[in-house]
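Visitor: To start, I am sharing the structure in question, which I have written as structure tokens.
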Amino acid sequence: GRQLLFNLDEDPTELHDMTASSPNRVQHWRARLVEELTGREEGFVQNGELVVGRPQSPTLADVGRYAAR
């Protein structure tokens, strides 16, 4: 996968990728994404790193559990 970074306030149409010019921001948001996705059944994070290119199911096993509440 390819990572991209946009300032949606200043560039709502996502035309100007800021990845090369803002490596600290990329690192910050990547860490936040790892934190948010850790432990999910899709396996987006392994050993503290994002995993890309994994085939995904159109539904998740947990969906039914939450709907029954």
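Labeling convention for the structure tokens: chains A, B, ... as they appear, residues from 1 per chain, ligands from 1 in order of appearance.
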Could you pull the residues within 10 Å of A:Met18, counting only C-alpha atoms, minus those fewer than 3 positions along the same chain, as a tab-separated table (two decimals) with C-alpha atoms, in the first residue's frame?
Guide:
```tsv
chain	number	residue	atom	x	y	z
A	4	LEU	CA	-0.66	9.67	1.57
A	5	LEU	CA	-1.15	12.70	3.80
A	6	PHE	CA	-3.47	15.60	3.07
A	7	ASN	CA	-4.52	18.73	4.95
A	14	GLU	CA	-6.82	15.85	-1.81
A	15	LEU	CA	-4.65	17.13	-4.64
A	21	SER	CA	7.26	17.46	3.23
A	22	SER	CA	5.81	16.39	6.61
A	23	PRO	CA	7.51	13.16	7.78
A	25	ARG	CA	3.10	14.26	10.78
A	26	VAL	CA	3.14	11.01	8.80
```
Visitor: Could you pull out the residues in chain A that DSSP calls alpha helix (DSSP H) from the backbone, as a list of chain:residue names?
Guide: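 Filtering chain A to alpha helix (DSSP H) leaves A:Pro23, A:Asn24, A:Arg25, A:Val26, A:Gln27, A:His28, A:Trp29, A:Arg30, A:Ala31, A:Arg32, A:Leu33, A:Val34, A:Glu35, A:Glu36, A:Leu37, A:Val63, A:Gly64, A:Arg65, A:Tyr66, A:Ala67.
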Visitor: Suppose we keep C-alpha atoms; can you now write the selection as a tab-separated table (two decimals), in the first residue's frame?
Guide:
```
chain	number	residue	atom	x	y	z
A	23	PRO	CA	7.51	13.16	7.78
A	24	ASN	CA	6.81	13.92	11.46
A	25	ARG	CA	3.10	14.26	10.78
A	26	VAL	CA	3.14	11.01	8.80
A	27	GLN	CA	4.82	9.26	11.73
A	28	HIS	CA	2.31	10.74	14.20
A	29	TRP	CA	-0.78	9.69	12.22
A	30	ARG	CA	0.67	6.29	11.40
A	31	ALA	CA	1.20	5.66	15.12
A	32	ARG	CA	-2.38	6.77	15.84
A	33	LEU	CA	-3.66	4.40	13.17
A	34	VAL	CA	-1.65	1.51	14.61
A	35	GLU	CA	-3.06	2.31	18.07
A	36	GLU	CA	-6.64	2.42	16.78
A	37	LEU	CA	-6.41	-0.75	14.67
A	63	VAL	CA	-21.01	-7.28	13.89
A	64	GLY	CA	-23.77	-9.58	15.15
A	65	ARG	CA	-22.65	-9.29	18.75
A	66	TYR	CA	-23.13	-5.52	18.83
A	67	ALA	CA	-26.44	-5.52	16.96
```
Visitor: Which residues are close to stretch 53-60 of chain A, i.e. within 9 Å by only C-alpha atoms, leaving aside same-chain residues fewer than 5 positions away? Reply as an MDAnalysis selection string.
Guide: chainID A and resid 1 41:44
Visitor: Just write the chosen residues, C-alpha atoms, as a tab-separated table (two decimals), in the first residue's frame.
Guide:
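File produced: again_10.tsv:
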```tsv
chain	number	residue	atom	x	y	z
A	1	GLY	CA	0.00	0.00	0.00
A	41	GLU	CA	-9.93	-9.16	13.80
A	42	GLU	CA	-8.86	-8.01	10.32
A	43	GLY	CA	-5.21	-8.21	11.35
A	44	PHE	CA	-4.31	-4.71	10.15
```
Visitor: Using DSSP on the backbone coordinates, identify the residues of chain A assigned to strand (DSSP E or B); present them as a PyMOL selection string.
Guide: chain A and resi 45-46+49-50
Visitor: Limited to C-alpha atoms, could you put the picked residues into a file as a PDB file, in the first residue's frame?
Guide:
```
ATOM      1  CA  VAL A  45      -1.499  -4.559  12.748  1.00  0.00           C
ATOM      2  CA  GLN A  46       1.139  -7.184  13.488  1.00  0.00           C
ATOM      3  CA  GLU A  49       3.349  -2.376  12.312  1.00  0.00           C
ATOM      4  CA  LEU A  50       0.590  -1.773   9.773  1.00  0.00           C
TER       5      LEU A  50
END
```
